>>> print(open('coords14.csv').read())   # CSV, C-alpha atoms
chain,number,residue,atom,x,y,z
B,1,MET,CA,-41.5,-46.3,69.2
B,2,THR,CA,-42.2,-43.8,66.5
B,3,ALA,CA,-45.2,-44.7,64.3
B,4,THR,CA,-44.8,-44.7,60.5
B,5,LEU,CA,-47.3,-44.3,57.7
B,6,PHE,CA,-47.2,-48.1,57.3
B,7,ASP,CA,-48.0,-49.2,60.8
B,8,PRO,CA,-51.5,-50.3,61.7
B,9,ILE,CA,-53.8,-48.1,63.9
B,10,GLN,CA,-57.1,-48.7,65.6
B,11,LEU,CA,-59.7,-46.1,64.7
B,12,GLY,CA,-62.6,-46.9,66.9
B,13,ALA,CA,-64.1,-50.2,65.6
B,14,ILE,CA,-61.9,-50.1,62.5
B,15,THR,CA,-58.5,-51.8,62.5
B,16,ALA,CA,-56.6,-50.0,59.8
B,17,PRO,CA,-53.5,-51.8,58.4
B,18,ASN,CA,-51.7,-48.5,57.7
B,19,ARG,CA,-52.0,-44.8,58.5
B,20,VAL,CA,-52.5,-43.7,54.9
B,21,LEU,CA,-56.1,-42.7,54.8
B,22,MET,CA,-58.1,-41.7,51.7
B,23,ALA,CA,-59.6,-38.3,52.3
B,24,PRO,CA,-63.2,-37.5,51.1
B,25,LEU,CA,-63.3,-36.3,47.6
B,26,THR,CA,-66.3,-34.9,45.7
B,27,ARG,CA,-66.2,-36.6,42.3
B,28,GLY,CA,-69.9,-36.6,41.1
B,29,ARG,CA,-70.8,-39.8,39.2
B,30,SER,CA,-74.3,-39.9,40.5
B,31,VAL,CA,-77.5,-39.8,38.4
B,32,GLY,CA,-81.2,-38.9,38.7
B,33,GLU,CA,-82.2,-38.2,42.3
B,34,HIS,CA,-78.6,-38.2,43.5
B,35,VAL,CA,-78.3,-42.0,43.2
B,36,PRO,CA,-74.6,-43.2,43.0
B,37,MET,CA,-73.5,-45.0,39.8
B,38,SER,CA,-72.9,-48.3,41.6
B,39,ASP,CA,-70.6,-50.1,39.2
B,40,LEU,CA,-68.4,-47.1,38.6
B,41,LYS,CA,-68.1,-46.2,42.2
B,42,ALA,CA,-67.5,-49.8,43.2
B,43,GLU,CA,-64.6,-50.0,40.9
B,44,TYR,CA,-63.2,-46.6,41.9
B,45,TYR,CA,-63.2,-47.3,45.6
B,46,SER,CA,-62.2,-50.9,45.5
B,47,GLN,CA,-59.1,-49.8,43.4
B,48,ARG,CA,-58.1,-47.7,46.4
B,49,SER,CA,-58.9,-50.4,49.1
B,50,THR,CA,-55.2,-50.6,50.2
B,51,ALA,CA,-55.7,-47.4,52.1
B,52,GLY,CA,-55.8,-47.8,55.8
B,53,LEU,CA,-59.3,-46.4,55.6
B,54,ILE,CA,-61.4,-44.8,52.8
B,55,ILE,CA,-63.4,-41.8,53.8
B,56,ALA,CA,-65.9,-41.8,51.0
B,57,GLU,CA,-67.0,-38.6,49.4
B,58,ALA,CA,-69.3,-36.0,51.0
B,59,THR,CA,-72.8,-37.3,50.7
B,60,GLY,CA,-76.0,-35.4,51.2
B,61,ILE,CA,-78.1,-36.2,54.3
B,62,SER,CA,-81.2,-34.6,52.7
B,63,GLN,CA,-82.2,-32.7,49.5
B,64,GLU,CA,-82.2,-29.5,51.6
B,65,GLY,CA,-78.5,-30.1,52.3
B,66,LEU,CA,-77.2,-31.1,48.9
B,67,GLY,CA,-76.3,-28.5,46.3
B,68,TRP,CA,-73.8,-30.1,44.0
B,69,PRO,CA,-74.7,-31.6,40.6
B,70,SER,CA,-74.3,-35.3,40.4
B,71,ALA,CA,-73.2,-35.6,44.1
B,72,PRO,CA,-74.6,-38.7,45.9
B,73,GLY,CA,-77.2,-38.8,48.7
B,74,ILE,CA,-78.0,-41.2,51.5
B,75,TRP,CA,-81.6,-40.3,52.4
B,76,SER,CA,-83.6,-42.5,50.1
B,77,ASN,CA,-83.9,-46.3,49.6
B,78,ALA,CA,-82.7,-46.0,46.1
B,79,GLN,CA,-79.5,-44.3,47.3
B,80,ILE,CA,-79.0,-46.9,50.0
B,81,GLU,CA,-79.3,-49.8,47.6
B,82,ALA,CA,-76.9,-48.1,45.1
B,83,TRP,CA,-74.3,-47.8,47.8
B,84,LYS,CA,-74.4,-51.5,48.8
B,85,PRO,CA,-72.4,-52.8,45.8
B,86,VAL,CA,-69.8,-50.1,46.5
B,87,THR,CA,-69.2,-51.2,50.1
B,88,GLU,CA,-69.4,-54.8,49.2
B,89,ALA,CA,-66.6,-54.3,46.5
B,90,VAL,CA,-64.4,-52.5,49.0
B,91,HIS,CA,-64.9,-55.2,51.7
B,92,LYS,CA,-64.3,-58.0,49.1
B,93,ALA,CA,-60.9,-56.3,48.3
B,94,ASP,CA,-60.1,-56.3,52.1
B,95,GLY,CA,-60.7,-52.6,52.5
B,96,ARG,CA,-62.5,-50.4,55.0
B,97,ILE,CA,-64.8,-47.5,54.1
B,98,ILE,CA,-66.9,-44.9,55.9
B,99,LEU,CA,-69.2,-42.3,54.6
B,100,GLN,CA,-68.9,-38.5,55.1
B,101,LEU,CA,-72.3,-36.9,56.0
B,102,TRP,CA,-72.9,-33.5,54.3
B,103,HIS,CA,-75.2,-30.6,54.7
B,104,MET,CA,-74.0,-27.6,52.7
B,105,GLY,CA,-76.2,-25.0,54.3
B,106,ARG,CA,-76.0,-21.6,52.6
B,107,LEU,CA,-73.9,-23.2,49.8
B,108,VAL,CA,-77.0,-24.9,48.3
B,109,HIS,CA,-78.4,-22.8,45.4
B,110,PRO,CA,-82.2,-22.4,45.2
B,111,ASP,CA,-82.1,-24.4,41.9
B,112,PHE,CA,-81.7,-27.5,44.0
B,113,LEU,CA,-84.6,-26.6,46.3
B,114,GLY,CA,-87.3,-25.8,43.9
B,115,GLY,CA,-86.6,-22.1,44.3
B,116,ALA,CA,-86.7,-22.1,48.1
B,117,GLN,CA,-84.0,-20.3,50.1
B,118,PRO,CA,-81.1,-22.4,51.5
B,119,VAL,CA,-80.7,-22.6,55.3
B,120,SER,CA,-77.8,-21.5,57.5
B,121,ALA,CA,-77.0,-20.3,61.0
B,122,SER,CA,-77.9,-16.8,60.0
B,123,ALA,CA,-79.2,-14.8,57.0
B,124,THR,CA,-75.9,-14.5,55.1
B,125,THR,CA,-74.6,-15.0,51.6
B,126,ALA,CA,-71.6,-17.0,50.5
B,127,PRO,CA,-69.1,-15.4,48.2
B,128,GLY,CA,-68.6,-16.6,44.7
B,129,TYR,CA,-70.9,-18.9,42.7
B,130,ALA,CA,-72.6,-22.2,42.9
B,131,HIS,CA,-72.3,-25.0,40.3
B,132,THR,CA,-75.8,-25.9,39.1
B,133,ALA,CA,-77.2,-28.0,36.2
B,134,GLU,CA,-77.5,-24.7,34.3
B,135,GLY,CA,-74.0,-23.6,35.0
B,136,LYS,CA,-72.4,-21.2,37.5
B,137,LYS,CA,-74.8,-18.9,39.4
B,138,ASP,CA,-74.3,-16.5,42.2
B,139,TYR,CA,-75.1,-17.7,45.7
B,140,THR,CA,-78.2,-16.3,47.2
B,141,GLU,CA,-78.9,-15.2,50.8
B,142,ALA,CA,-79.7,-18.0,53.1
B,143,ARG,CA,-82.4,-17.9,55.8
B,144,ALA,CA,-81.6,-18.5,59.4
B,145,LEU,CA,-82.8,-21.8,60.7
B,146,GLU,CA,-85.5,-21.4,63.4
B,147,THR,CA,-84.5,-22.8,66.8
B,148,SER,CA,-87.5,-25.1,66.4
B,149,GLU,CA,-86.0,-26.6,63.2
B,150,ILE,CA,-82.7,-27.7,64.8
B,151,PRO,CA,-84.1,-31.1,65.9
B,152,ARG,CA,-85.1,-31.8,62.3
B,153,ILE,CA,-81.6,-31.1,61.2
B,154,ILE,CA,-80.2,-33.4,63.9
B,155,SER,CA,-82.7,-36.1,62.9
B,156,ASP,CA,-81.5,-35.9,59.3
B,157,TYR,CA,-78.0,-36.6,60.4
B,158,VAL,CA,-79.1,-39.5,62.5
B,159,SER,CA,-81.2,-41.0,59.7
B,160,ALA,CA,-78.3,-40.6,57.2
B,161,ALA,CA,-75.9,-42.3,59.7
B,162,LYS,CA,-78.3,-45.3,60.1
B,163,ASN,CA,-78.8,-45.4,56.3
B,164,ALA,CA,-75.0,-45.5,55.8
B,165,ILE,CA,-74.7,-48.5,58.2
B,166,SER,CA,-77.6,-50.2,56.4
B,167,ALA,CA,-75.6,-49.6,53.1
B,168,GLY,CA,-72.7,-51.5,54.5
B,169,PHE,CA,-70.4,-48.7,55.5
B,170,ASP,CA,-68.1,-49.3,58.5
B,171,GLY,CA,-68.9,-46.0,60.0
B,172,VAL,CA,-69.5,-42.3,59.2
B,173,GLN,CA,-67.8,-39.0,59.3
B,174,ILE,CA,-69.7,-35.8,60.2
B,175,HIS,CA,-68.6,-33.0,57.8
B,176,ALA,CA,-68.2,-30.0,60.1
B,177,ALA,CA,-65.6,-28.3,57.9
B,178,ASN,CA,-65.0,-26.2,54.8
B,179,GLY,CA,-67.7,-23.6,55.4
B,180,TYR,CA,-70.7,-26.0,55.2
B,181,LEU,CA,-73.6,-26.0,57.6
B,182,ILE,CA,-72.0,-27.0,60.9
B,183,ASP,CA,-69.0,-24.8,60.1
B,184,GLN,CA,-71.4,-21.9,59.5
B,185,PHE,CA,-72.7,-22.4,63.0
B,186,LEU,CA,-69.1,-22.6,64.4
B,187,ARG,CA,-67.7,-19.4,63.0
B,188,ASP,CA,-68.6,-15.9,64.2
B,189,ASN,CA,-68.7,-14.2,60.8
B,190,THR,CA,-71.5,-16.7,59.6
B,191,ASN,CA,-73.2,-17.2,62.9
B,192,LEU,CA,-74.9,-14.0,64.0
B,193,ARG,CA,-77.5,-15.7,66.2
B,194,THR,CA,-78.6,-14.5,69.6
B,195,ASP,CA,-80.3,-17.7,70.8
B,196,GLU,CA,-78.7,-20.7,72.4
B,197,TYR,CA,-76.9,-21.6,69.2
B,198,GLY,CA,-75.1,-18.2,68.8
B,199,GLY,CA,-72.9,-15.7,70.5
B,200,SER,CA,-70.5,-17.5,72.9
B,201,ILE,CA,-68.2,-20.3,71.7
B,202,GLU,CA,-70.1,-22.7,73.9
B,203,ASN,CA,-73.3,-21.8,72.0
B,204,ARG,CA,-71.7,-21.9,68.6
B,205,ILE,CA,-70.4,-25.4,69.1
B,206,ARG,CA,-73.8,-26.6,70.3
B,207,LEU,CA,-75.0,-27.9,67.0
B,208,LEU,CA,-71.8,-29.8,66.4
B,209,ARG,CA,-72.0,-31.3,69.9
B,210,GLU,CA,-75.7,-32.2,69.5
B,211,VAL,CA,-75.4,-33.7,66.0
B,212,THR,CA,-72.3,-35.8,67.1
B,213,GLN,CA,-73.9,-37.0,70.3
B,214,ALA,CA,-77.1,-38.0,68.4
B,215,VAL,CA,-75.2,-39.9,65.8
B,216,VAL,CA,-73.1,-41.6,68.5
B,217,ASP,CA,-76.3,-42.6,70.3
B,218,ALA,CA,-77.6,-44.1,67.0
B,219,ILE,CA,-74.6,-46.0,65.6
B,220,GLY,CA,-71.9,-46.0,68.4
B,221,SER,CA,-69.0,-43.8,69.1
B,222,GLU,CA,-66.6,-46.4,67.7
B,223,ARG,CA,-68.2,-45.8,64.2
B,224,THR,CA,-68.4,-42.0,64.4
B,225,SER,CA,-65.8,-39.5,63.4
B,226,VAL,CA,-65.7,-35.7,62.6
B,227,ARG,CA,-63.9,-33.5,60.2
B,228,LEU,CA,-63.0,-29.8,61.1
B,229,SER,CA,-61.0,-27.2,59.1
B,230,PRO,CA,-59.6,-25.0,61.8
B,231,ASN,CA,-57.2,-22.6,60.1
B,232,GLY,CA,-58.2,-19.8,57.9
B,233,GLU,CA,-61.2,-18.7,55.8
B,234,THR,CA,-63.1,-21.3,54.0
B,235,GLN,CA,-65.8,-20.5,51.4
B,236,GLY,CA,-66.4,-17.3,53.1
B,237,ALA,CA,-66.6,-18.7,56.7
B,238,ASN,CA,-64.1,-17.4,59.1
B,239,ASP,CA,-63.7,-16.7,62.8
B,240,SER,CA,-62.1,-13.8,64.6
B,241,ASN,CA,-60.6,-16.0,67.3
B,242,PRO,CA,-60.2,-19.6,66.0
B,243,VAL,CA,-57.9,-21.1,68.6
B,244,PRO,CA,-60.4,-21.1,71.5
B,245,LEU,CA,-63.2,-22.0,69.1
B,246,PHE,CA,-61.7,-25.1,67.7
B,247,THR,CA,-60.0,-26.3,70.9
B,248,ALA,CA,-63.4,-26.0,72.5
B,249,ALA,CA,-65.0,-28.0,69.7
B,250,ALA,CA,-62.2,-30.6,69.9
B,251,ALA,CA,-62.6,-30.9,73.7
B,252,ALA,CA,-66.4,-31.5,73.2
B,253,LEU,CA,-65.7,-34.2,70.7
B,254,GLN,CA,-63.2,-35.8,73.2
B,255,ASP,CA,-65.9,-35.8,75.8
B,256,ILE,CA,-68.2,-37.6,73.5
B,257,GLY,CA,-65.5,-40.1,72.6
B,258,ILE,CA,-65.6,-40.2,68.8
B,259,ALA,CA,-63.4,-42.8,66.9
B,260,PHE,CA,-61.2,-40.2,65.4
B,261,LEU,CA,-60.9,-36.5,64.5
B,262,GLU,CA,-59.7,-35.3,61.1
B,263,LEU,CA,-58.4,-31.8,60.5
B,264,ARG,CA,-58.0,-30.1,57.2
B,265,GLU,CA,-54.9,-28.2,58.2
B,266,ILE,CA,-51.2,-28.2,57.5
B,267,LYS,CA,-48.3,-26.1,58.6
B,268,GLY,CA,-48.1,-22.8,56.8
B,269,TYR,CA,-51.3,-23.1,54.8
B,270,GLY,CA,-55.0,-22.2,55.2
B,271,ASN,CA,-57.9,-24.0,53.8
B,272,PHE,CA,-57.9,-22.8,50.1
B,273,GLY,CA,-54.3,-21.8,49.3
B,274,GLN,CA,-53.8,-19.2,51.9
B,275,THR,CA,-50.3,-18.9,53.3
B,276,ASP,CA,-48.8,-18.0,56.6
B,277,VAL,CA,-51.8,-19.2,58.6
B,278,PRO,CA,-50.8,-20.5,62.0
B,279,ARG,CA,-51.5,-24.2,62.7
B,280,ILE,CA,-54.1,-24.9,65.4
B,281,SER,CA,-53.5,-28.7,65.4
B,282,PRO,CA,-50.9,-28.4,68.2
B,283,GLU,CA,-53.4,-26.8,70.5
B,284,ILE,CA,-56.1,-29.3,69.5
B,285,ARG,CA,-53.7,-32.1,70.2
B,286,LYS,CA,-53.6,-30.9,73.8
B,287,VAL,CA,-57.3,-31.4,74.3
B,288,PHE,CA,-58.2,-34.3,71.9
B,289,LYS,CA,-56.5,-37.5,73.0
B,290,GLY,CA,-58.1,-39.9,70.5
B,291,PRO,CA,-56.6,-40.6,67.1
B,292,LEU,CA,-55.9,-37.3,65.3
B,293,VAL,CA,-55.8,-37.4,61.5
B,294,LEU,CA,-54.3,-34.5,59.6
B,295,ASN,CA,-54.9,-33.6,55.9
B,296,GLN,CA,-54.1,-31.1,53.2
B,297,GLU,CA,-51.3,-31.2,50.6
B,298,TYR,CA,-49.1,-33.7,52.5
B,299,THR,CA,-45.9,-35.1,51.1
B,300,ARG,CA,-44.3,-38.3,52.4
B,301,GLU,CA,-41.7,-36.1,54.2
B,302,LEU,CA,-44.2,-33.9,55.9
B,303,ALA,CA,-46.3,-36.9,56.8
B,304,ASP,CA,-43.3,-38.6,58.4
B,305,GLU,CA,-42.5,-35.4,60.3
B,306,ASP,CA,-45.9,-35.0,61.9
B,307,LEU,CA,-46.2,-38.7,62.7
B,308,ALA,CA,-42.7,-38.7,64.3
B,309,SER,CA,-43.5,-35.7,66.4
B,310,GLY,CA,-46.7,-37.2,67.7
B,311,LEU,CA,-48.8,-34.4,66.3
B,312,ALA,CA,-50.7,-36.8,64.0
B,313,ASP,CA,-51.6,-40.4,64.4
B,314,ALA,CA,-52.5,-40.8,60.7
B,315,ILE,CA,-52.5,-38.7,57.5
B,316,SER,CA,-55.3,-38.5,55.0
B,317,PHE,CA,-54.4,-37.9,51.3
B,318,GLY,CA,-57.0,-36.3,48.9
B,319,ARG,CA,-55.9,-35.2,45.5
B,320,ARG,CA,-53.0,-37.8,45.4
B,321,TYR,CA,-55.7,-40.5,45.5
B,322,ILE,CA,-57.5,-39.2,42.4
B,323,SER,CA,-54.7,-40.4,40.1
B,324,ASN,CA,-52.8,-42.9,42.2
B,325,PRO,CA,-55.1,-45.7,43.3
B,326,ASP,CA,-52.1,-47.6,44.7
B,327,LEU,CA,-50.9,-44.6,46.7
B,328,VAL,CA,-49.8,-46.7,49.7
B,329,GLU,CA,-47.3,-48.6,47.6
B,330,ARG,CA,-46.1,-45.5,45.8
B,331,LEU,CA,-45.4,-43.8,49.2
B,332,ARG,CA,-43.8,-46.9,50.5
B,333,THR,CA,-41.4,-47.3,47.5
B,334,GLY,CA,-40.9,-43.7,46.6
B,335,ALA,CA,-42.3,-44.3,43.2
B,336,GLU,CA,-43.3,-41.4,40.9
B,337,MET,CA,-46.8,-40.1,41.3
B,338,THR,CA,-49.2,-40.0,38.3
B,339,PRO,CA,-50.5,-36.4,37.8
B,340,ASP,CA,-54.3,-35.9,37.8
B,341,ASN,CA,-56.4,-34.2,35.1
B,342,PHE,CA,-58.6,-31.5,36.6
B,343,LYS,CA,-60.9,-31.5,33.6
B,344,THR,CA,-62.1,-35.0,34.5
B,345,TRP,CA,-62.5,-34.5,38.3
B,346,TYR,CA,-66.3,-34.2,37.9
B,347,ALA,CA,-66.8,-35.9,34.6
B,348,PRO,CA,-69.8,-38.2,34.2
B,349,ASP,CA,-68.0,-41.4,33.3
B,350,ALA,CA,-64.9,-43.6,33.9
B,351,GLU,CA,-62.4,-41.2,32.2
B,352,GLY,CA,-60.2,-39.7,34.9
B,353,TYR,CA,-61.9,-41.8,37.5
B,354,THR,CA,-61.1,-45.5,37.2
B,355,ASP,CA,-58.6,-45.4,34.3
B,356,TYR,CA,-55.5,-44.2,36.2
B,357,PRO,CA,-52.7,-46.8,36.0
B,358,PHE,CA,-51.3,-48.9,38.9
B,359,LEU,CA,-47.5,-49.2,39.2
B,360,GLU,CA,-47.3,-52.4,37.3
B,361,ALA,CA,-49.2,-51.0,34.3
B,362,ALA,CA,-47.2,-47.8,34.4
B,363,ASP,CA,-43.9,-49.7,34.5
B,364,ALA,CA,-45.0,-51.9,31.6
>>> encode(input="coords14.csv", output="structure tokens")
Amino acid sequence: MTATLFDPIQLGAITAPNRVLMAPLTRGRSVGEHVPMSDLKAEYYSQRSTAGLIIAEATGISQEGLGWPSAPGIWSNAQIEAWKPVTEAVHKADGRIILQLWHMGRLVHPDFLGGAQPVSASATTAPGYAHTAEGKKDYTEARALETSEIPRIISDYVSAAKNAISAGFDGVQIHAANGYLIDQFLRDNTNLRTDEYGGSIENRIRLLREVTQAVVDAIGSERTSVRLSPNGETQGANDSNPVPLFTAAAAALQDIGIAFLELREIKGYGNFGQTDVPRISPEIRKVFKGPLVLNQEYTRELADEDLASGLADAISFGRRYISNPDLVERLRTGAEMTPDNFKTWYAPDAEGYTDYPFLEAADA
């Protein structure tokens, strides 16, 4: 029988009542030392608790890995305590929520590091500019992580995963997409290494494999998921032969036995507006047999198509969830979507965050 968006699905330890997932969305709303604004985030996420699963926003595993103003962290006791009311609010509303673990690598500006260089797979510089407390600044060249430093990076992921569970999250997602640290190791234009973490595909997926296995060992495979972005250039990270790279990565994750794999990829589109980029998800589907979640600019019609074909087991929606807290019901009924306001995406308060209307209020 063909699955629909509104059928339940088992995602590892999580029984999701539908297949409409909330994708991770960077929204700011943290203060001081990257401490989440508990009350505001609790309201925001609990409003969206009808999602089959909420994948909470990308959250720094360490100060070294976090280069976004007002983004939250999960490495300190203060951060853990601030997340607890958020997970409690979601669970009280009968929702499920996991936390995305983030190391930005070369996309961290030295302003966040006391002037120190950011780290990456190799000594490369991201294109464009970073958002800092003083405004936009050009990215700077990263330094290549020493082989001896890799265990420290892995340990940071493990500590963050344990902290997330302590904060009440139902699991974690390892952010290995969008040109951030793990993705910088995966792709051959950002990974120029000649040691066991560079060169061959097997070597370039090594960090992903080791981080994932270590997190699985710490909190369980049933509470661990991964996000990849397999098609096209993303924040300057690209690969000359992406199909064998990402199918090898997916096969490694299949062997580890993660709860689910999420791909930022949709037919005809790359990662940041590129067009005519071939889909790699059909090849990944051949090697990854667990739940496969697809994401990026989905409509109800495209979601139904990919679920019906068996390509996807669930669909995660990002931007739609900014302005439609009751997205599941809107998709179910075909109701009109509320447009979002880009100017308030990263604002410091409730405007454009918790004040979007539910269907009943909009009808009234």
>>> closest_residue(input="coords14.csv", among="B:Pro348, B:Leu5, B:Pro242, B:Thr333", to="Leu302 in chain B", atoms="all atoms listed in the file")
B:Leu5
>>> closest_atom_pairs(input="coords14.csv", of="range 81-198 of chain B", to="range 69-72 of chain B", cutoff="8 Å", atoms="all atoms listed in the file", output="tab-separated table")
residue	atom	partner	partner_atom	distance
B:His131	CA	B:Pro69	CA	7.0
B:Thr132	CA	B:Pro69	CA	6.0
B:Ala133	CA	B:Pro69	CA	6.2
>>> atom_distance(input="coords14.csv", atom1="CA of Ile14 in chain B", atom2="CA of Ile256 in chain B")
17.8 Å
>>> atom_distance(input="coords14.csv", atom1="CA of Asp326 in chain B", atom2="CA of Ala161 in chain B")
28.6 Å
>>> closest_residue(input="coords14.csv", among="B:Ile205, B:Val216, B:Ala16, B:Val293", to="Ala248 in chain B", atoms="only C-alpha atoms")
B:Ile205
>>> atom_distance(input="coords14.csv", atom1="CA of Ser148 in chain B", atom2="CA of His34 in chain B")
27.8 Å
>>> closest_residue(input="coords14.csv", among="B:Val328, B:Ile153, B:Leu40, B:Leu107", to="Gly28 in chain B", atoms="only C-alpha atoms")
B:Leu40
>>> residues_near_point(input="coords14.csv", point="(-54.9, -26.5, 69.1)", cutoff="12 Å", atoms="only C-alpha atoms", output="PyMOL selection string")
chain B and resi 228-231+242-251+263+265+278-289+292+311
>>> residues_around(input="coords14.csv", residues="Val226 in chain B", least_positions_apart="3", cutoff="9 Å", atoms="only C-alpha atoms", output="list in words")
Gln100, Val172, Gln173, Ile174, His175, Ala176, Ala177, Thr212, Leu253, Ile258, Ala259, Phe260, Leu261, Glu262 and Leu263 of chain B
